[in-house]
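Asks: One file is attached below, start-v4.txt, containing compact mmCIF, C-alpha atoms.
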```txt
# COMPACT_ATOMS: atom_id res chain seq x y z
CA MET Y 1231 11.88 0.89 17.53
CA SER Y 1232 8.18 0.11 17.64
CA VAL Y 1233 5.64 0.75 14.87
CA LYS Y 1234 1.86 0.72 15.18
CA THR Y 1235 0.44 -1.20 12.20
CA ARG Y 1236 -3.10 -1.78 11.02
CA ASN Y 1237 -2.63 -5.46 10.25
CA PHE Y 1238 -0.16 -6.62 12.88
CA GLY Y 1239 -0.72 -4.27 15.80
CA ASP Y 1240 2.41 -2.91 17.48
CA ILE Y 1241 5.54 -4.47 16.07
CA GLN Y 1242 9.20 -4.21 17.01
CA ILE Y 1243 11.48 -3.13 14.20
CA ASP Y 1244 15.08 -4.24 13.90
CA GLU Y 1245 16.75 -1.13 12.42
CA ASP Y 1246 19.18 -3.11 10.30
CA LYS Y 1247 16.33 -5.06 8.70
CA VAL Y 1248 14.76 -1.92 7.26
CA ILE Y 1249 14.57 -1.89 3.45
CA VAL Y 1250 14.89 1.51 1.79
CA PHE Y 1251 13.04 2.36 -1.38
CA LYS Y 1252 14.80 5.60 -2.38
CA GLU Y 1253 12.15 6.42 -4.98
CA GLY Y 1254 9.29 5.20 -2.82
CA ILE Y 1255 6.81 2.83 -4.47
CA PRO Y 1256 4.53 3.98 -7.33
CA GLY Y 1257 1.35 5.32 -5.73
CA PHE Y 1258 3.24 5.80 -2.43
CA GLU Y 1259 6.16 7.94 -3.47
CA GLU Y 1260 6.50 9.49 -0.03
CA LEU Y 1261 7.09 6.14 1.71
CA HIS Y 1262 10.70 4.97 1.72
CA LYS Y 1263 11.18 2.62 4.66
CA PHE Y 1264 9.69 -0.84 4.82
CA ILE Y 1265 10.27 -4.13 6.52
CA LEU Y 1266 9.73 -7.58 5.15
CA ILE Y 1267 7.52 -9.72 7.34
CA ASP Y 1268 8.02 -13.36 6.53
CA SER Y 1269 5.02 -15.32 7.66
CA GLN Y 1270 5.50 -18.90 8.80
CA ASP Y 1271 3.39 -19.76 5.77
CA GLU Y 1272 5.77 -20.19 2.86
CA VAL Y 1273 3.65 -18.60 0.17
CA PHE Y 1274 2.68 -15.16 1.43
CA HIS Y 1275 4.88 -12.46 2.93
CA TYR Y 1276 4.31 -8.81 3.74
CA LEU Y 1277 6.03 -5.55 2.96
CA GLN Y 1278 5.03 -3.26 5.81
CA SER Y 1279 5.65 0.49 5.74
CA ILE Y 1280 7.23 1.74 8.95
CA GLU Y 1281 6.38 5.35 8.12
CA ASN Y 1282 2.65 4.67 7.70
CA GLY Y 1283 1.34 1.76 9.74
CA ASP Y 1284 -1.75 1.46 7.53
CA ILE Y 1285 0.23 0.66 4.41
CA CYS Y 1286 1.14 -2.98 3.96
CA PHE Y 1287 1.52 -5.04 0.81
CA VAL Y 1288 0.87 -8.75 0.58
CA ILE Y 1289 3.66 -10.16 -1.56
CA ILE Y 1290 4.75 -13.50 -2.89
CA ASN Y 1291 7.97 -14.92 -4.16
CA PRO Y 1292 6.89 -15.31 -7.80
CA TYR Y 1293 9.15 -18.34 -8.26
CA ASP Y 1294 7.10 -20.21 -5.64
CA LEU Y 1295 4.13 -20.16 -7.99
CA LYS Y 1296 5.86 -19.93 -11.35
CA LYS Y 1297 9.19 -21.75 -11.61
CA ASP Y 1298 9.87 -20.46 -15.11
CA TYR Y 1299 9.26 -16.82 -14.17
CA ALA Y 1300 11.74 -14.80 -16.20
CA PRO Y 1301 10.92 -11.10 -16.35
CA ILE Y 1302 13.16 -8.84 -18.38
CA ILE Y 1303 14.59 -6.35 -15.91
CA SER Y 1304 16.90 -3.68 -17.25
CA GLU Y 1305 20.41 -3.47 -15.78
CA GLU Y 1306 19.57 0.05 -14.61
CA TYR Y 1307 17.37 -1.28 -11.82
CA PHE Y 1308 20.17 -3.41 -10.43
CA SER Y 1309 22.74 -0.63 -10.65
CA LYS Y 1310 20.30 1.73 -8.88
CA LEU Y 1311 20.38 -0.80 -6.05
CA GLY Y 1312 24.19 -0.77 -5.95
CA GLY Y 1313 24.85 -3.66 -8.32
CA GLY Y 1314 26.26 -7.03 -7.34
CA PRO Y 1315 25.88 -10.71 -8.21
CA SER Y 1316 22.37 -11.97 -8.97
CA GLU Y 1317 22.25 -14.12 -5.79
CA GLN Y 1318 22.22 -10.88 -3.86
CA PHE Y 1319 18.83 -9.86 -5.23
CA ALA Y 1320 15.39 -11.06 -4.23
CA LEU Y 1321 12.25 -10.61 -6.29
CA TYR Y 1322 8.75 -10.25 -4.89
CA SER Y 1323 5.41 -9.65 -6.55
CA ILE Y 1324 2.62 -7.54 -5.09
CA VAL Y 1325 -0.68 -9.33 -4.56
CA CYS Y 1326 -4.01 -7.58 -5.01
CA LEU Y 1327 -6.55 -9.23 -2.70
CA LYS Y 1328 -10.11 -9.04 -3.92
CA ASN Y 1329 -13.61 -9.92 -2.84
CA PRO Y 1330 -14.47 -12.69 -3.76
CA ILE Y 1331 -11.04 -14.05 -2.95
CA GLN Y 1332 -10.90 -16.06 -6.19
CA ASP Y 1333 -10.52 -12.80 -8.11
CA SER Y 1334 -7.21 -11.95 -6.41
CA THR Y 1335 -4.40 -11.05 -8.74
CA VAL Y 1336 -0.63 -10.69 -8.66
CA ASN Y 1337 1.53 -8.16 -10.48
CA LEU Y 1338 4.02 -10.23 -12.45
CA ALA Y 1339 4.98 -7.39 -14.77
CA GLY Y 1340 6.33 -5.06 -12.10
CA PRO Y 1341 8.22 -7.02 -9.45
CA LEU Y 1342 9.86 -5.53 -6.39
CA VAL Y 1343 13.61 -6.01 -6.53
CA ILE Y 1344 15.49 -5.99 -3.24
CA ASN Y 1345 19.25 -6.04 -2.78
CA ILE Y 1346 19.59 -8.29 0.26
CA GLU Y 1347 23.12 -7.00 1.02
CA ASN Y 1348 22.50 -3.27 1.30
CA LYS Y 1349 18.73 -3.42 1.87
CA LEU Y 1350 17.83 -1.15 -1.05
CA GLY Y 1351 14.66 -1.81 -3.00
CA ILE Y 1352 12.85 -0.62 -6.11
CA GLN Y 1353 9.75 -1.57 -8.06
CA VAL Y 1354 10.23 -2.35 -11.73
CA VAL Y 1355 8.04 -0.19 -13.99
CA THR Y 1356 8.25 -1.47 -17.55
CA GLU Y 1357 6.16 -2.24 -20.53
CA GLU Y 1358 6.84 -5.92 -19.94
CA LYS Y 1359 4.55 -7.60 -22.44
CA MET Y 1360 5.10 -11.19 -21.41
CA TYR Y 1361 3.51 -10.84 -17.98
CA SER Y 1362 0.43 -9.11 -16.67
CA THR Y 1363 0.10 -6.63 -13.83
CA ARG Y 1364 -3.09 -8.50 -12.93
CA HIS Y 1365 -2.36 -12.19 -13.30
CA LYS Y 1366 -5.07 -14.25 -11.61
CA LEU Y 1367 -3.54 -15.88 -8.56
CA ILE Y 1368 -5.75 -18.92 -8.83
CA THR Y 1369 -4.67 -19.50 -12.43
CA LEU Y 1370 -1.05 -19.40 -11.32
CA ALA Y 1371 -1.63 -22.00 -8.62
CA GLU Y 1372 -3.48 -24.22 -11.10
CA GLU Y 1373 -0.62 -23.99 -13.58
CA GLU Y 1374 1.92 -25.04 -10.98
CA ALA Y 1375 -0.18 -27.96 -9.73
CA MET G 897 1.36 22.81 -15.38
CA LEU G 898 3.74 25.05 -17.31
CA ALA G 899 3.07 24.95 -21.05
CA LEU G 900 5.79 26.00 -23.49
CA THR G 901 5.85 25.76 -27.25
CA ARG G 902 9.05 24.43 -28.78
CA LYS G 903 10.23 23.74 -32.31
CA ILE G 904 12.27 20.71 -33.34
CA ASP G 905 15.72 20.80 -31.73
CA GLU G 906 14.63 23.31 -29.13
CA ALA G 907 14.87 22.28 -25.50
CA ILE G 908 13.75 23.02 -21.96
CA ILE G 909 15.96 22.94 -18.86
CA ILE G 910 14.52 22.07 -15.45
CA GLY G 911 16.33 22.85 -12.23
CA GLY G 912 19.54 23.33 -14.16
CA GLU G 913 20.00 19.55 -14.45
CA ILE G 914 17.19 18.07 -16.50
CA GLU G 915 16.96 18.73 -20.21
CA ILE G 916 13.97 17.92 -22.39
CA LYS G 917 14.45 18.31 -26.13
CA VAL G 918 12.11 17.97 -29.09
CA LEU G 919 13.94 15.58 -31.41
CA GLY G 920 11.34 15.24 -34.09
CA ILE G 921 7.71 15.49 -35.05
CA GLN G 922 5.89 13.02 -37.27
CA GLY G 923 2.13 13.30 -37.66
CA ASP G 924 0.66 13.18 -34.15
CA LYS G 925 3.83 11.85 -32.56
CA VAL G 926 6.54 13.92 -30.93
CA LYS G 927 9.93 12.36 -30.28
CA ILE G 928 11.29 13.69 -27.00
CA GLY G 929 14.84 13.38 -25.73
CA ILE G 930 15.45 13.52 -21.98
CA THR G 931 18.77 14.07 -20.26
CA ALA G 932 18.67 13.74 -16.48
CA PRO G 933 20.86 12.61 -13.59
CA LYS G 934 20.73 8.85 -12.92
CA GLU G 935 18.66 9.31 -9.77
CA TYR G 936 15.68 10.32 -11.85
CA SER G 937 13.69 7.40 -13.22
CA ILE G 938 11.90 8.19 -16.44
CA TYR G 939 8.71 6.35 -17.38
CA ARG G 940 5.85 6.68 -19.82
CA GLU G 941 2.99 8.16 -17.81
CA GLU G 942 0.37 5.52 -18.60
CA VAL G 943 2.72 2.70 -17.61
CA TYR G 944 3.66 4.33 -14.32
CA LYS G 945 0.01 5.10 -13.61
CA GLN G 946 -0.99 1.48 -14.13
CA VAL G 947 1.55 0.25 -11.60
CA SER G 948 0.59 3.04 -9.22
CA GLN G 949 -3.13 2.20 -9.38
CA ASN G 950 -2.40 -1.48 -9.01
CA ASN G 951 -0.39 -0.77 -5.85
CA GLN G 952 -3.11 1.42 -4.38
CA GLU G 953 -5.71 -1.29 -4.96
CA ALA G 954 -3.36 -3.87 -3.48
CA VAL G 955 -3.06 -1.94 -0.24
CA GLN G 956 -6.82 -1.59 0.15
CA GLY G 957 -7.25 -5.32 -0.21
CA THR G 958 -4.85 -6.30 2.56
CA GLN G 959 -7.59 -6.44 5.17
CA ILE G 960 -9.22 -9.36 3.40
CA ASP G 961 -8.72 -12.67 5.13
CA ILE G 962 -5.33 -14.08 4.25
CA LYS G 963 -6.44 -17.51 5.49
CA GLN G 964 -9.03 -17.71 2.74
CA LEU G 965 -6.39 -16.90 0.16
CA LYS G 966 -4.00 -19.54 1.53
CA ASN G 967 -6.74 -22.18 1.41
CA LEU G 968 -7.49 -21.22 -2.15
CA ILE G 969 -3.88 -21.63 -3.22
CA ASN G 970 -3.28 -24.81 -1.23
CA GLY G 971 -6.48 -26.27 -2.62
CA GLU G 972 -5.17 -25.82 -6.14
CA LYS G 973 -1.73 -27.17 -5.36
CA LYS G 974 -2.93 -30.57 -4.12
```
Would you mind writing the file's structure down as structure tokens?
Replies:
Amino acid sequence: MSVKTRNFGDIQIDEDKVIVFKEGIPGFEELHKFILIDSQDEVFHYLQSIENGDICFVIINPYDLKKDYAPIISEEYFSKLGGGPSEQFALYSIVCLKNPIQDSTVNLAGPLVINIENKLGIQVVTEEKMYSTRHKLITLAEEEA
Amino acid sequence: MLALTRKIDEAIIIGGEIEIKVLGIQGDKVKIGITAPKEYSIYREEVYKQVSQNNQEAVQGTQIDIKQLKNLINGEKK
């Protein structure tokens, strides 16, 4: 199937690559179907809604910029996604692009958890105190350097 | 919004499957117990709202030049 998107134009969707967020995503509760667009660039990826072509999140693999990233995610999130061994789950963090670009932030407190096997996803909503929902992206890159 | 007044140990049932019970009251704090099917995620409103707002901002920003962002990150990682 083909989807008209704001950022990538018309794209072809592989049905079995669709990721389902049964509860939607906070702020977009009515959107349930997304696809992961892996850019050739290793750092940034995209979570594109296939129900609303205008909605697309820039995401990163938090471990790429923070090797010791260790959020506390309750077992409930994993069982909501069908459970399974930890290797089956991928974590992504939503990036908030800003103008000027140096002010861009990443949500390290509420990662997206995706079960790679059954393609179910959910966003973690917790009172995680160790990480911020608005961690400066540039600070993260500096720390890793 | 439906407003009901309940005493301690009194409850409210929604849709026949969700129960909200007043467990205790201490000063300006009310302890609320919630029983609901697993499919319902229960969050404190201000926490959910923060994530929700963050996501909405994130989507608005996507138009901004990704290239600039990549250069910024790569610059730092040298």
Asks: What are the residues of chain Y that have an atom within 10 Å of an atom of chain G, counting only C-alpha atoms, as a PyMOL selection string?
Replies: chain Y and resi 1236-1237+1252-1253+1255-1259+1271-1274+1276+1284-1289+1295+1306-1307+1309-1310+1324-1332+1334-1337+1339-1340+1353-1358+1363-1364+1367-1375
Asks: When you look at Lys1247 of chain Y with a cut-off of 9 Å (counting all atoms listed in the file), what residues show up, excluding the ones that are within fewer than 3 positions of it in the same chain? I need them as JSON, numbers by chain.
Replies: {"Y": [1243, 1244, 1264, 1265, 1266, 1349]}
Asks: Can I get the selection written as a PDB file, keeping the file's coordinate frame, with C-alpha atoms?
Replies:
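Resulting contents of part_10.pdb:
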```pdb
ATOM      1  CA  ILE Y1243      11.480  -3.130  14.200  1.00  0.00           C
ATOM      2  CA  ASP Y1244      15.080  -4.240  13.900  1.00  0.00           C
ATOM      3  CA  PHE Y1264       9.690  -0.840   4.820  1.00  0.00           C
ATOM      4  CA  ILE Y1265      10.270  -4.130   6.520  1.00  0.00           C
ATOM      5  CA  LEU Y1266       9.730  -7.580   5.150  1.00  0.00           C
ATOM      6  CA  LYS Y1349      18.730  -3.420   1.870  1.00  0.00           C
TER       7      LYS Y1349
END
```
Asks: With all atoms listed in the file as the atoms that count, which of Y:Pro1301, Y:Ser1232, Y:Val1250, Y:Phe1238 lies nearest to Ile1352 of chain Y?
Replies: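 That would be Y:Val1250, the residue with the smallest distance to Ile1352 of chain Y.
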Asks: Quick one: axis-aligned box around all listed atoms of segment 911-921 of chain G, 6 Å on every side, centre and edge lengths in Å to one decimal, written as AutoDock Vina command-line options.
Replies:
```
--center_x 13.9 --center_y 19.3 --center_z -23.6 --size_x 24.3 --size_y 20.1 --size_z 34.8
```
Asks: Between atom CA of Ile1290 of chain Y and atom CA of Asp1246 of chain Y, what is the distance, to one decimal in Å?
Replies: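 Interatomic distance here is 22.1 Å.
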Asks: What is the atom CA of Leu1277 of chain Y to atom CA of Ser1304 of chain Y distance in Å?
Replies: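 Distance between the two atoms: 23.0 Å.
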Asks: Taking a cut-off of 9 Å and counting only C-alpha atoms, can you build a table that, for each residue of segment 931-951 of chain G near segment 899-923 of chain G, reports the nearest atom pair and how far apart they are in Å (one decimal), sorted by chain then residue number, as a Markdown table?
Replies:
```
| residue | atom | partner | partner_atom | distance |
| --- | --- | --- | --- | --- |
| G:Thr931 | CA | G:Glu915 | CA | 5.0 |
| G:Ala932 | CA | G:Ile914 | CA | 4.6 |
| G:Pro933 | CA | G:Glu913 | CA | 7.0 |
```
Asks: One number please: atom CA of Gln1242 of chain Y to atom CA of Asp1268 of chain Y, in Å, one decimal.
Replies: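 Computing the Euclidean distance for atom CA of Gln1242 of chain Y and atom CA of Asp1268 of chain Y yields 14.0 Å.
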Asks: Can you pull out the residues contacting Ile1344 of chain Y? Cut-off 10 Å, using all atoms listed in the file, and skip same-chain residues under 4 positions away; I want them as an NGL selection string.
Replies: :Y and (1249-1251 or 1307-1308 or 1311 or 1318-1322 or 1348-1353)
